[in-house]
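**Student:** What follows is upload.csv; its format and atoms are CSV, C-alpha atoms.
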chain,number,residue,atom,x,y,z
A,1,MET,CA,-29.4,80.3,118.0
A,2,LEU,CA,-30.4,82.9,120.7
A,3,LEU,CA,-32.7,85.9,120.1
A,4,ALA,CA,-31.9,88.8,122.4
A,5,LEU,CA,-34.2,91.8,122.7
A,6,ASP,CA,-33.1,95.1,124.5
A,7,VAL,CA,-36.4,97.0,124.8
A,8,GLY,CA,-35.8,100.7,125.6
A,9,ASN,CA,-38.1,103.6,125.9
A,10,THR,CA,-37.1,105.0,122.5
A,11,HIS,CA,-35.6,102.1,120.6
A,12,THR,CA,-35.6,98.3,120.7
A,13,THR,CA,-32.4,96.6,119.7
A,14,ILE,CA,-32.6,92.9,118.6
A,15,GLY,CA,-29.7,90.6,118.1
A,16,VAL,CA,-29.4,87.0,116.9
A,17,PHE,CA,-26.5,85.0,118.4
A,18,ARG,CA,-24.9,81.7,117.4
A,19,GLY,CA,-22.7,81.0,120.4
A,20,SER,CA,-21.0,84.3,121.2
A,21,GLU,CA,-21.2,85.6,117.6
A,22,ILE,CA,-23.8,88.2,116.7
A,23,LEU,CA,-25.2,87.1,113.3
A,24,ARG,CA,-27.7,89.9,112.8
A,25,ARG,CA,-28.8,93.0,114.7
A,26,TRP,CA,-31.6,95.4,114.2
A,27,ARG,CA,-32.5,98.8,115.8
A,28,LEU,CA,-36.2,99.6,115.7
A,29,THR,CA,-38.5,102.2,117.2
A,30,THR,CA,-40.2,101.0,120.4
A,31,VAL,CA,-44.0,101.2,119.9
A,32,ARG,CA,-45.9,100.5,123.1
A,33,GLU,CA,-49.3,100.1,121.4
A,34,ARG,CA,-48.3,97.2,119.1
A,35,THR,CA,-50.5,94.1,119.5
A,36,VAL,CA,-49.5,90.5,120.2
A,37,ASP,CA,-50.0,89.7,116.5
A,38,GLU,CA,-48.1,92.8,115.2
A,39,LEU,CA,-45.1,92.0,117.5
A,40,GLY,CA,-45.1,88.3,116.5
A,41,ILE,CA,-45.4,88.8,112.8
A,42,PHE,CA,-42.7,91.5,113.0
A,43,LEU,CA,-40.3,89.2,114.8
A,44,ARG,CA,-40.9,86.3,112.4
A,45,GLN,CA,-40.5,88.6,109.3
A,46,LEU,CA,-37.1,89.9,110.6
A,47,CYS,CA,-35.9,86.3,111.1
A,48,GLU,CA,-37.1,85.2,107.7
A,49,TRP,CA,-35.7,88.2,106.0
A,50,ALA,CA,-32.3,87.3,107.5
A,51,GLN,CA,-32.8,83.7,106.3
A,52,ILE,CA,-33.0,82.5,109.9
A,53,SER,CA,-35.8,80.0,110.4
A,54,PRO,CA,-37.8,80.5,113.6
A,55,ILE,CA,-37.3,76.8,114.4
A,56,ASP,CA,-33.6,77.5,114.7
A,57,ILE,CA,-34.3,80.0,117.5
A,58,ARG,CA,-33.7,77.8,120.6
A,59,GLY,CA,-33.9,80.6,123.2
A,60,VAL,CA,-35.2,84.1,123.7
A,61,ILE,CA,-34.1,86.6,126.3
A,62,VAL,CA,-35.6,90.0,126.9
A,63,GLY,CA,-34.3,93.0,128.8
A,64,SER,CA,-37.1,95.6,129.0
A,65,VAL,CA,-37.5,98.9,130.7
A,66,VAL,CA,-41.0,99.4,129.2
A,67,PRO,CA,-43.4,97.3,131.4
A,68,PRO,CA,-46.5,98.1,129.3
A,69,ILE,CA,-45.1,96.1,126.4
A,70,ASP,CA,-43.9,93.1,128.3
A,71,GLY,CA,-47.1,91.1,128.3
A,72,ALA,CA,-47.8,91.5,124.6
A,73,LEU,CA,-44.2,90.7,123.8
A,74,ARG,CA,-44.2,87.5,125.9
A,75,ALA,CA,-47.4,86.3,124.3
A,76,ALA,CA,-46.0,87.1,120.8
A,77,ILE,CA,-42.8,85.1,121.4
A,78,ASN,CA,-44.9,82.2,122.8
A,79,THR,CA,-47.2,82.2,119.8
A,80,TYR,CA,-45.1,83.1,116.9
A,81,LEU,CA,-41.7,81.7,117.9
A,82,ASP,CA,-43.0,78.8,120.0
A,83,SER,CA,-40.6,79.8,122.8
A,84,GLU,CA,-40.9,80.9,126.4
A,85,PRO,CA,-38.7,84.0,126.8
A,86,LEU,CA,-36.5,84.7,129.8
A,87,PHE,CA,-37.1,88.2,131.0
A,88,VAL,CA,-34.3,90.0,132.9
A,89,ALA,CA,-36.0,90.6,136.3
A,90,PRO,CA,-35.3,90.4,140.0
A,91,GLY,CA,-34.1,86.9,140.9
A,92,ILE,CA,-32.2,86.3,137.7
A,93,LYS,CA,-28.7,84.9,138.2
A,94,SER,CA,-26.3,87.6,137.1
A,95,GLY,CA,-23.1,86.4,138.7
A,96,MET,CA,-22.6,90.0,139.8
A,97,PRO,CA,-23.1,91.2,143.5
A,98,LEU,CA,-25.3,94.3,143.6
A,99,ARG,CA,-23.9,96.7,146.2
A,100,VAL,CA,-26.8,99.1,146.0
A,101,ASP,CA,-29.6,100.1,148.4
A,102,THR,CA,-32.4,99.0,146.1
A,103,PRO,CA,-31.3,96.2,143.8
A,104,LEU,CA,-34.9,95.4,142.8
A,105,GLU,CA,-35.0,98.8,141.1
A,106,LEU,CA,-32.0,98.3,138.9
A,107,GLY,CA,-33.0,98.5,135.2
A,108,ALA,CA,-32.4,95.4,133.0
A,109,ASP,CA,-30.3,97.4,130.5
A,110,ARG,CA,-28.0,98.7,133.3
A,111,LEU,CA,-27.4,95.2,134.7
A,112,CYS,CA,-26.7,93.8,131.2
A,113,ASN,CA,-24.2,96.6,130.6
A,114,ALA,CA,-22.4,96.0,133.8
A,115,VAL,CA,-22.2,92.2,133.4
A,116,ALA,CA,-20.9,92.5,129.8
A,117,ALA,CA,-18.4,95.3,130.5
A,118,PHE,CA,-16.8,93.3,133.3
A,119,ALA,CA,-16.7,90.2,131.2
A,120,GLU,CA,-15.2,92.0,128.2
A,121,TYR,CA,-13.0,94.6,129.7
A,122,GLY,CA,-12.4,93.7,133.4
A,123,GLY,CA,-12.7,96.0,136.3
A,124,PRO,CA,-12.8,98.5,137.7
A,125,CYS,CA,-14.8,100.0,134.9
A,126,VAL,CA,-17.6,102.5,134.1
A,127,VAL,CA,-20.2,102.1,131.4
A,128,VAL,CA,-21.7,105.3,129.9
A,129,ASP,CA,-24.9,104.3,128.0
A,130,PHE,CA,-26.3,107.1,125.8
A,131,GLY,CA,-30.0,106.4,125.3
A,132,THR,CA,-33.3,108.1,126.3
A,133,ALA,CA,-31.5,108.7,129.5
A,134,THR,CA,-27.7,108.6,129.9
A,135,THR,CA,-26.6,106.3,132.6
A,136,TRP,CA,-23.3,105.5,134.3
A,137,GLU,CA,-22.8,101.9,135.5
A,138,VAL,CA,-19.9,101.5,137.9
A,139,VAL,CA,-18.3,98.1,138.5
A,140,SER,CA,-15.5,97.3,141.0
A,141,SER,CA,-12.3,95.4,140.4
A,142,LYS,CA,-14.0,92.4,142.0
A,143,GLY,CA,-16.9,92.5,139.6
A,144,GLU,CA,-19.4,94.1,141.9
A,145,PHE,CA,-22.1,96.6,140.7
A,146,LEU,CA,-21.5,99.7,142.9
A,147,GLY,CA,-24.2,102.0,141.6
A,148,GLY,CA,-24.2,104.8,139.1
A,149,VAL,CA,-25.7,108.0,137.8
A,150,ILE,CA,-28.8,108.8,135.7
A,151,ALA,CA,-29.1,112.0,133.6
A,152,PRO,CA,-31.5,113.3,130.9
A,153,GLY,CA,-30.4,112.0,127.5
A,154,LEU,CA,-29.0,114.1,124.8
A,155,GLU,CA,-32.0,113.9,122.5
A,156,ILE,CA,-34.6,114.6,125.1
A,157,SER,CA,-32.6,117.5,126.4
A,158,ALA,CA,-32.6,119.0,122.9
A,159,GLU,CA,-36.3,118.2,122.4
A,160,ALA,CA,-37.1,119.9,125.7
A,161,LEU,CA,-35.3,123.1,124.7
A,162,VAL,CA,-37.1,123.2,121.3
A,163,GLU,CA,-40.5,122.6,122.9
A,164,ARG,CA,-40.2,125.2,125.6
A,165,ALA,CA,-38.6,127.9,123.4
A,166,ALA,CA,-41.0,128.7,120.5
A,167,LYS,CA,-38.4,130.4,118.2
A,168,LEU,CA,-35.7,127.7,118.5
A,169,PRO,CA,-35.6,125.1,115.6
A,170,ARG,CA,-34.7,121.5,115.7
A,171,ILE,CA,-31.1,120.9,114.9
A,172,GLU,CA,-28.7,118.2,113.8
A,173,LEU,CA,-26.8,116.8,116.8
A,174,SER,CA,-23.3,117.6,115.7
A,175,ALA,CA,-20.9,120.2,117.1
A,176,PRO,CA,-20.0,123.4,115.2
A,177,ALA,CA,-16.5,124.3,114.2
A,178,ARG,CA,-16.3,126.9,117.0
A,179,VAL,CA,-17.9,127.2,120.4
A,180,ILE,CA,-18.9,130.9,119.9
A,181,GLY,CA,-21.9,130.6,117.5
A,182,LYS,CA,-22.6,133.2,114.9
A,183,GLY,CA,-26.2,132.2,114.4
A,184,THR,CA,-29.1,130.4,116.2
A,185,VAL,CA,-28.3,126.9,114.8
A,186,ASP,CA,-24.6,126.8,115.6
A,187,SER,CA,-25.2,128.5,119.0
A,188,MET,CA,-27.6,125.7,119.8
A,189,GLN,CA,-25.3,123.0,118.5
A,190,ALA,CA,-22.5,124.3,120.7
A,191,GLY,CA,-24.7,124.5,123.8
A,192,ILE,CA,-26.4,121.2,123.3
A,193,VAL,CA,-23.7,118.9,121.9
A,194,LEU,CA,-20.6,120.5,123.4
A,195,GLY,CA,-22.5,121.2,126.6
A,196,TYR,CA,-23.4,117.5,126.8
A,197,VAL,CA,-19.7,116.6,126.1
A,198,GLY,CA,-18.9,118.7,129.1
A,199,LEU,CA,-21.6,117.0,131.2
A,200,THR,CA,-20.2,113.6,130.2
A,201,GLU,CA,-16.6,114.5,130.9
A,202,GLY,CA,-17.4,116.2,134.2
A,203,LEU,CA,-19.6,113.4,135.6
A,204,THR,CA,-17.2,110.7,134.4
A,205,ALA,CA,-14.3,112.4,136.1
A,206,ARG,CA,-16.2,112.6,139.4
A,207,VAL,CA,-17.2,108.9,139.1
A,208,LEU,CA,-13.6,107.8,138.4
A,209,ALA,CA,-12.3,109.9,141.3
A,210,GLU,CA,-14.6,108.1,143.7
A,211,LEU,CA,-13.8,104.7,142.1
A,212,GLY,CA,-10.1,105.3,142.0
A,213,GLY,CA,-9.8,105.0,138.2
A,214,GLY,CA,-10.9,102.5,135.7
A,215,LYS,CA,-11.8,101.9,132.1
A,216,VAL,CA,-14.7,103.8,130.5
A,217,ILE,CA,-16.8,102.1,128.0
A,218,ALA,CA,-19.4,103.9,125.9
A,219,THR,CA,-22.5,102.3,124.4
A,220,GLY,CA,-26.0,103.3,123.3
A,221,GLY,CA,-27.4,104.9,120.1
A,222,LEU,CA,-25.8,108.3,120.7
A,223,ALA,CA,-22.4,107.1,121.9
A,224,SER,CA,-20.7,107.8,118.6
A,225,VAL,CA,-22.0,111.4,118.6
A,226,ILE,CA,-20.3,112.2,121.9
A,227,ALA,CA,-17.2,110.1,121.2
A,228,ARG,CA,-16.3,112.4,118.3
A,229,TYR,CA,-15.6,115.2,120.7
A,230,THR,CA,-13.9,113.6,123.7
A,231,PRO,CA,-11.0,111.3,124.4
A,232,ILE,CA,-12.3,109.9,127.7
A,233,PHE,CA,-13.6,106.5,126.4
A,234,THR,CA,-11.4,103.4,126.6
A,235,ALA,CA,-13.8,101.7,124.1
A,236,ILE,CA,-17.0,102.2,122.2
A,237,ASP,CA,-19.1,99.0,122.2
A,238,ASP,CA,-22.5,99.3,120.4
A,239,ASP,CA,-23.4,95.7,121.2
A,240,LEU,CA,-22.7,95.8,124.9
A,241,THR,CA,-26.3,95.4,126.1
A,242,LEU,CA,-26.9,92.6,123.7
A,243,LYS,CA,-23.7,90.9,124.9
A,244,GLY,CA,-24.9,91.2,128.5
A,245,LEU,CA,-28.2,89.6,127.6
A,246,ARG,CA,-26.4,86.6,126.0
A,247,LEU,CA,-24.3,86.2,129.2
A,248,LEU,CA,-27.3,86.3,131.4
A,249,TRP,CA,-29.0,83.7,129.2
A,250,GLU,CA,-25.9,81.4,129.5
A,251,ARG,CA,-25.9,81.9,133.3
A,252,ASN,CA,-29.6,80.9,133.7
A,253,ARG,CA,-29.8,78.3,130.9
A,254,ALA,CA,-29.3,75.3,133.2
A,255,GLU,CA,-32.4,76.2,135.2
A,256,ARG,CA,-34.5,76.4,132.1
A,257,ALA,CA,-33.4,73.1,130.7
Written as structure tokens, that's how I'd like the structure from this file.
**Tutor:**
Amino acid sequence: MLLALDVGNTHTTIGVFRGSEILRRWRLTTVRERTVDELGIFLRQLCEWAQISPIDIRGVIVGSVVPPIDGALRAAINTYLDSEPLFVAPGIKSGMPLRVDTPLELGADRLCNAVAAFAEYGGPCVVVDFGTATTWEVVSSKGEFLGGVIAPGLEISAEALVERAAKLPRIELSAPARVIGKGTVDSMQAGIVLGYVGLTEGLTARVLAELGGGKVIATGGLASVIARYTPIFTAIDDDLTLKGLRLLWERNRAERA
């Protein structure tokens, strides 16, 4: 079995694969202050709770955009799972040419999304990942990573509004029945949620115009929120980043044997 960890700024998604099949998945809060022992015990307990013996975990791959946690996570996997994890980092074999100015700056999650999207859906394609930030990953018909877009995420945009405006409350991230709000809450929902739908549709349209068309795949924790209110997505794939991690493991496994 393969253990794949997608460590994001807000959430960490963990998946267990047997071959290409995802047996179990978990979505947890990313806590940067966790110790080696806390992380290790946590991972072992998840496996045991799912009736997966740690000795059956034959490989571990980590895609992290939170460098402060990487050292403790590596040590925890070494100690508690008796495995040396493969981190998605510069130099990893991706099988995807990176046609960008600064390939060393490309986030692990974005590379995983692009690799998985091309493998699953072909190209040209665009991945829209709704996380702490919302990112657009653009892949050519030849399977080249062409670049993308990074925007503030839906949740942090809503939090910023609440924090900077003392009289505005926290709201549920769902759209009201009508755009013209009759009160503070529905007015905020229209502005935040439907406003973000407009941002998503507008940027995606511009990306597709430059790309010359293509499939649009949504992923990330908030993809389902936006997908309710727009028809622009070809597919919604909640496991896209984990699938990309598995593919990168397969493409680098021979060197680790």
**Student:** Counting all atoms listed in the file, which residues come within 7 Å of (-28.0, 117.8, 118.9), with the point read in the file's coordinates, and could you list them as a ChimeraX atom specification?
**Tutor:** /A:155,158,171-174,189,192-193
**Student:** As a ChimeraX atom specification, please: the residues near region 42-53 of chain A (cut-off 8 Å, all atoms listed in the file, same-chain neighbours under 3 positions excluded).
**Tutor:** /A:24,38-39,56-57,80-81
**Student:** With a distance cut-off of 12 Å and all atoms listed in the file, select the neighbouring residues of Pro231 (chain A), excluding the residue or stretch itself and same-chain residues fewer than 4 positions from it, and output the selection as a list in words.
**Tutor:**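 Once the adjacent positions are removed, what remains is Val197, Gly198, Thr200, Glu201, Thr204, Val216, Ile217, Ala218, Ser224, Ile226, Ala227, Ala235 and Ile236 of chain A.
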**Student:** Select, from A:Pro67, A:Gly181, A:Pro152, A:Pro54, the residue with the minimum atom-to-atom distance to Ala133 (chain A), counting all atoms listed in the file.
**Tutor:**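 The answer is A:Pro152, which sits nearest to Ala133 (chain A).
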**Student:** With only C-alpha atoms as the counted atoms, please give the residues lying no more than 9 Å from Ile92 (chain A), apart from itself and same-chain residues fewer than 5 positions off, as a PDB file with C-alpha atoms, in the coordinates of the input.
**Tutor:**
ATOM      1  CA  PHE A  87     -37.100  88.200 131.000  1.00  0.00           C
ATOM      2  CA  LEU A 248     -27.300  86.300 131.400  1.00  0.00           C
ATOM      3  CA  ARG A 251     -25.900  81.900 133.300  1.00  0.00           C
ATOM      4  CA  ASN A 252     -29.600  80.900 133.700  1.00  0.00           C
TER       5      ASN A 252
END
**Student:** Kindly give the distance, in Å, that separates CA of Lys243 (chain A) and CA of Val207 (chain A), rounded to a single decimal.
**Tutor:**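 So the answer is 23.8 Å.
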**Student:** Could you state the separation of CA of Gly95 (chain A) and CA of Gly107 (chain A) in Å, given to one decimal place?
**Tutor:** 16.0 Å
**Student:** Env of region 8-20 of chain A: 7 Å cut, atoms = only C-alpha atoms, seq-sep filter 2 positions within chain, self excluded. Answer as a PyMOL selection string.
**Tutor:** chain A and resi 1-6+22-30+64-66+132+242
**Student:** Hey, can you check how far CA of Leu146 (chain A) sits from CA of Ala223 (chain A)?
**Tutor:**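 Going from CA of Leu146 (chain A) over to CA of Ala223 (chain A), I get 22.3 Å.
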**Student:** Given all atoms listed in the file as the basis, pick out the residue of A:Val138, A:Ala160, A:Val100, A:Ala177 nearest to Gly214 (chain A).
**Tutor:** A:Val138
**Student:** Could you tell me, as a list in words, which residues have any atom at most 9 Å from (-51.6, 93.9, 127.1), counting only C-alpha atoms?
**Tutor:**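 Residues lying no farther than 9 Å from the given point: Glu33, Thr35, Val36, Pro68, Ile69, Asp70, Gly71, Ala72 and Leu73 of chain A.
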**Student:** Can you pull out the residues contacting Ser83 (chain A)? Cut-off 8 Å, using all atoms listed in the file, and skip same-chain residues under 5 positions away; I want them as a list of chain:residue names.
**Tutor:** A:Arg58, A:Gly59, A:Val60, A:Ile77, A:Asn78
